[in-house]
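Working notes for the structure below.
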Amino acid sequence: MERIDKIIASQGKYSRSDVKSLISKRRVTVDGVVVKSSSEKADAEKHTICIDGMPLTIKKNIYLMLNKPKGYVSATEDKEHQTVLELVPEDYAGRELFPAGRLDRDTTGLMIITDDGVMAHNILAPKKHVQKVYHVTLDIPVTAEMQKGFADGVELNDGVCKAAGLEITGEYTATVTLKEGRYHQIKRMFGCFGAKVTALHRTAMGDLYLPDDLTEGHCRELTADELNKLQQIK
Ligand code: URA
């Protein structure tokens, strides 16, 4: 059994204070009985919680996509820096969310935040080879030599990388496609060619793309279709 206000707020649509107000206006019922206090408890799996007579559909897990800005670390806690979880709306406070995968503090773009450990494990497991796409800007021009090196497999101090795609999109810019995710991988790969990455932005993971209308620092729940794309990674 859990507090009713916590159950409703954890679904993301209403904040704790919204729920308080709904309850004080007698708009919330549990199995048809009006809830009088936010501290009343219910079991979301056994009881039917309704708001204005409409049953609340309980989501077992939450899946958010974030357009990560610079300056945030991909962790749940950090003593020194802000974490990506600080960008998640308060409404999800009751959930044990974590970032599924890492982007460096100065990397921007697509990141999944969830409380579904199984799904996170699935998309991150190295043997799944989930393709990740990054837009990269360098301090020196991108060369055909880099392109060939990426295709052949760059040798890093922790072993040879899998073949990676490098499409030259401008004098200093490229789109890189990786099938693995090692520590600072893209920066280290370009480092082998004497280049420094000055901007790195992830645009896709598997078939999931960062939408143009999701502005930096914002997150939203995945649509059913987007979630399906992630769940197909098996
Ligand atoms: N490669 C990097 O170097 N950094 C990232 O954040 C992601 C890929």
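Ligands are numbered from 1 in the order shown, residues from 1 within each chain, and chains are lettered A, B, ... in the order they appear in the structure tokens.
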
Contact residues around region 173-176 of chain A with only C-alpha atoms at 10 Å, ignoring same-chain residues under 2 positions, as a ChimeraX atom specification:
/A:132-143,147,150,164-171,178,186,197-203

Go ahead and dump the residues you just picked, N, CA and C atoms, as an mmCIF file, in the first residue's frame.
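Once everything was written out, this is result-v7.cif:
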data_model
loop_
_atom_site.group_PDB
_atom_site.id
_atom_site.type_symbol
_atom_site.label_atom_id
_atom_site.label_comp_id
_atom_site.auth_asym_id
_atom_site.auth_seq_id
_atom_site.Cartn_x
_atom_site.Cartn_y
_atom_site.Cartn_z
ATOM 1 N N LYS A 132 24.678 4.140 -32.270
ATOM 2 C CA LYS A 132 24.486 5.492 -31.742
ATOM 3 C C LYS A 132 25.101 6.491 -32.714
ATOM 4 N N VAL A 133 24.379 7.569 -32.958
ATOM 5 C CA VAL A 133 24.823 8.545 -33.962
ATOM 6 C C VAL A 133 25.146 9.879 -33.277
ATOM 7 N N TYR A 134 26.286 10.444 -33.630
ATOM 8 C CA TYR A 134 26.753 11.695 -33.014
ATOM 9 C C TYR A 134 27.130 12.711 -34.090
ATOM 10 N N HIS A 135 26.807 13.958 -33.836
ATOM 11 C CA HIS A 135 27.336 15.042 -34.669
ATOM 12 C C HIS A 135 28.574 15.571 -33.956
ATOM 13 N N VAL A 136 29.667 15.656 -34.708
ATOM 14 C CA VAL A 136 30.948 16.004 -34.091
ATOM 15 C C VAL A 136 31.519 17.250 -34.754
ATOM 16 N N THR A 137 32.115 18.131 -33.960
ATOM 17 C CA THR A 137 32.873 19.263 -34.502
ATOM 18 C C THR A 137 34.302 19.145 -33.978
ATOM 19 N N LEU A 138 35.261 19.322 -34.886
ATOM 20 C CA LEU A 138 36.682 19.199 -34.519
ATOM 21 C C LEU A 138 37.387 20.547 -34.563
ATOM 22 N N ASP A 139 38.590 20.570 -33.975
ATOM 23 C CA ASP A 139 39.395 21.804 -34.018
ATOM 24 C C ASP A 139 40.233 21.888 -35.291
ATOM 25 N N ILE A 140 40.321 20.775 -36.033
ATOM 26 C CA ILE A 140 41.052 20.766 -37.307
ATOM 27 C C ILE A 140 40.137 20.140 -38.364
ATOM 28 N N PRO A 141 40.441 20.317 -39.649
ATOM 29 C CA PRO A 141 39.550 19.736 -40.661
ATOM 30 C C PRO A 141 39.449 18.208 -40.571
ATOM 31 N N VAL A 142 38.274 17.708 -40.893
ATOM 32 C CA VAL A 142 38.049 16.257 -40.933
ATOM 33 C C VAL A 142 38.686 15.742 -42.229
ATOM 34 N N THR A 143 39.366 14.597 -42.136
ATOM 35 C CA THR A 143 40.077 14.097 -43.327
ATOM 36 C C THR A 143 39.578 12.712 -43.749
ATOM 37 N N GLN A 147 38.409 9.077 -41.861
ATOM 38 C CA GLN A 147 37.273 8.270 -42.306
ATOM 39 C C GLN A 147 37.702 6.805 -42.516
ATOM 40 N N PHE A 150 38.514 5.135 -39.139
ATOM 41 C CA PHE A 150 37.305 4.763 -38.388
ATOM 42 C C PHE A 150 36.707 3.476 -38.967
ATOM 43 N N ALA A 164 33.608 1.971 -37.367
ATOM 44 C CA ALA A 164 32.658 3.057 -37.079
ATOM 45 C C ALA A 164 32.452 3.872 -38.354
ATOM 46 N N GLY A 165 31.256 4.381 -38.522
ATOM 47 C CA GLY A 165 30.949 5.200 -39.700
ATOM 48 C C GLY A 165 31.384 6.640 -39.457
ATOM 49 N N LEU A 166 31.973 7.262 -40.453
ATOM 50 C CA LEU A 166 32.309 8.683 -40.345
ATOM 51 C C LEU A 166 31.911 9.348 -41.664
ATOM 52 N N GLU A 167 30.889 10.166 -41.581
ATOM 53 C CA GLU A 167 30.442 10.887 -42.779
ATOM 54 C C GLU A 167 30.879 12.333 -42.624
ATOM 55 N N ILE A 168 31.617 12.841 -43.597
ATOM 56 C CA ILE A 168 32.109 14.219 -43.505
ATOM 57 C C ILE A 168 30.966 15.151 -43.904
ATOM 58 N N THR A 169 30.581 16.053 -43.005
ATOM 59 C CA THR A 169 29.428 16.924 -43.285
ATOM 60 C C THR A 169 29.852 18.386 -43.488
ATOM 61 N N GLY A 170 31.107 18.694 -43.219
ATOM 62 C CA GLY A 170 31.608 20.060 -43.384
ATOM 63 C C GLY A 170 33.099 20.016 -43.163
ATOM 64 N N GLU A 171 33.781 21.165 -43.291
ATOM 65 C CA GLU A 171 35.240 21.140 -43.137
ATOM 66 C C GLU A 171 35.649 20.593 -41.756
ATOM 67 N N LEU A 178 28.545 4.813 -34.078
ATOM 68 C CA LEU A 178 29.280 3.830 -33.273
ATOM 69 C C LEU A 178 28.373 2.668 -32.916
ATOM 70 N N ILE A 186 34.622 8.662 -28.687
ATOM 71 C CA ILE A 186 34.790 9.484 -29.901
ATOM 72 C C ILE A 186 35.965 10.449 -29.728
ATOM 73 N N VAL A 197 37.954 17.117 -30.146
ATOM 74 C CA VAL A 197 36.504 17.287 -30.362
ATOM 75 C C VAL A 197 36.073 18.543 -29.620
ATOM 76 N N THR A 198 35.507 19.506 -30.339
ATOM 77 C CA THR A 198 35.097 20.751 -29.669
ATOM 78 C C THR A 198 33.595 20.767 -29.386
ATOM 79 N N ALA A 199 32.832 19.906 -30.068
ATOM 80 C CA ALA A 199 31.400 19.763 -29.749
ATOM 81 C C ALA A 199 30.964 18.363 -30.146
ATOM 82 N N LEU A 200 30.135 17.775 -29.273
ATOM 83 C CA LEU A 200 29.666 16.409 -29.514
ATOM 84 C C LEU A 200 28.198 16.335 -29.112
ATOM 85 N N HIS A 201 27.385 15.850 -30.039
ATOM 86 C CA HIS A 201 25.936 15.871 -29.836
ATOM 87 C C HIS A 201 25.342 14.557 -30.331
ATOM 88 N N ARG A 202 24.654 13.820 -29.447
ATOM 89 C CA ARG A 202 24.070 12.539 -29.879
ATOM 90 C C ARG A 202 22.667 12.776 -30.433
ATOM 91 N N THR A 203 22.424 12.210 -31.616
ATOM 92 C CA THR A 203 21.117 12.424 -32.261
ATOM 93 C C THR A 203 20.262 11.168 -32.326
#

Using only C-alpha atoms and all ligand atoms, find each residue of chain A with at least one atom at most 6 Å away from an atom of ligand 1; report its shortest atom-to-atom pair and that distance in Å (one decimal), sort the rows by chain and rising residue number, and return the result as JSON lines.
{"residue": "A:Leu103", "atom": "CA", "partner": "ligand 1", "partner_atom_place_in_ligand_line": "6 (O)", "distance": 3.5}
{"residue": "A:Asp104", "atom": "CA", "partner": "ligand 1", "partner_atom_place_in_ligand_line": "6 (O)", "distance": 3.8}
{"residue": "A:Thr107", "atom": "CA", "partner": "ligand 1", "partner_atom_place_in_ligand_line": "6 (O)", "distance": 4.9}
{"residue": "A:His184", "atom": "CA", "partner": "ligand 1", "partner_atom_place_in_ligand_line": "3 (O)", "distance": 3.2}
{"residue": "A:Gln185", "atom": "CA", "partner": "ligand 1", "partner_atom_place_in_ligand_line": "1 (N)", "distance": 4.2}
{"residue": "A:Ile186", "atom": "CA", "partner": "ligand 1", "partner_atom_place_in_ligand_line": "3 (O)", "distance": 3.9}
{"residue": "A:Lys187", "atom": "CA", "partner": "ligand 1", "partner_atom_place_in_ligand_line": "3 (O)", "distance": 4.0}

If you run DSSP on the backbone, which residues of chain A are helix (DSSP H, G or I), as a ChimeraX atom specification?
/A:4-9,16-24,84-87,90-92,117-124,126-128,144-152,185-191,224-231

Considering only C-alpha atoms, give me a table of residues in region 88-156 of chain A that are at most 9 Å from region 64-79 of chain A, with the closest atom pair and distance in Å for each, as a tab-separated table.
residue	atom	partner	partner_atom	distance
A:Val88	CA	A:Leu66	CA	8.4
A:Leu97	CA	A:Thr76	CA	7.8
A:Phe98	CA	A:Thr76	CA	5.9
A:Pro99	CA	A:Ser74	CA	6.2
A:Ala100	CA	A:Ser74	CA	8.7
A:Gly101	CA	A:Ser74	CA	7.5
A:Arg102	CA	A:Ser74	CA	5.3
A:Leu103	CA	A:Ser74	CA	6.1
A:Asp104	CA	A:Val73	CA	6.7
A:Arg105	CA	A:Val73	CA	4.8
A:Asp106	CA	A:Lys70	CA	4.6
A:Thr107	CA	A:Lys70	CA	5.9
A:Thr108	CA	A:Lys68	CA	4.9
A:Gly109	CA	A:Asn67	CA	4.6
A:Leu110	CA	A:Asn67	CA	5.1
A:Met111	CA	A:Leu66	CA	5.1
A:Ile112	CA	A:Met65	CA	4.7
A:Ile113	CA	A:Leu64	CA	5.0
A:Thr114	CA	A:Leu64	CA	6.1

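Comparing A:Asp52, A:Asp91, A:Asp212, A:Asp5 by their smallest distance to Arg27 (chain A), the closest is A:Asp52 (using only C-alpha atoms).
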
Pick the closest to Cys192 (chain A) from A:Ile7, A:Val160, A:Val19, A:Ala44: which is it, counting only C-alpha atoms?
A:Val160

Taking 5 positions as the minimum chain separation for residues in the same chain, which residues sit within 10 Å of Met146 (chain A) when counting only C-alpha atoms? Answer as a PDB file with C-alpha atoms, in the first residue's frame.
ATOM      1  CA  ALA A 151      36.127   2.185 -40.960  1.00  0.00           C
ATOM      2  CA  ASP A 152      39.177  -0.049 -40.369  1.00  0.00           C
ATOM      3  CA  VAL A 154      40.883   2.744 -34.532  1.00  0.00           C
ATOM      4  CA  LEU A 166      32.309   8.683 -40.345  1.00  0.00           C
ATOM      5  CA  ILE A 168      32.109  14.219 -43.505  1.00  0.00           C
ATOM      6  CA  MET A 189      39.277   8.038 -31.572  1.00  0.00           C
ATOM      7  CA  PHE A 190      39.775  11.514 -33.015  1.00  0.00           C
ATOM      8  CA  CYS A 192      44.512   9.279 -32.525  1.00  0.00           C
ATOM      9  CA  PHE A 193      44.488  11.631 -35.532  1.00  0.00           C
ATOM     10  CA  ALA A 195      42.191  16.178 -33.469  1.00  0.00           C
TER      11      ALA A 195
END

Polymer residues at most 8 Å from region 31-39 of chain A, only C-alpha atoms, same-chain spacing of 5 or more positions, as a PyMOL selection string
chain A and resi 3-5+19-20+23-24+26+47-50

As a ChimeraX atom specification, please: every residue in region 122-206 of chain A that a backbone DSSP assignment puts in strand (DSSP E).
/A:132-138,155-156,159-160,165-168,173-178,197-205

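Nearest to Leu56 (chain A) of all the residues A:Ser10, A:Gln231, A:Thr83, A:Ser15 is A:Ser10, based on only C-alpha atoms.
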
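Closest approach to Asn61 (chain A) from the set A:Leu214, A:Met119, A:Leu156, A:Leu208 is made by A:Met119, with distances taken over only C-alpha atoms.
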
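Nearest-residue note for Lys46 (chain A): choosing from A:Arg16, A:Thr177, A:Ser21, A:Glu2, the minimum distance belongs to A:Glu2, counting only C-alpha atoms.
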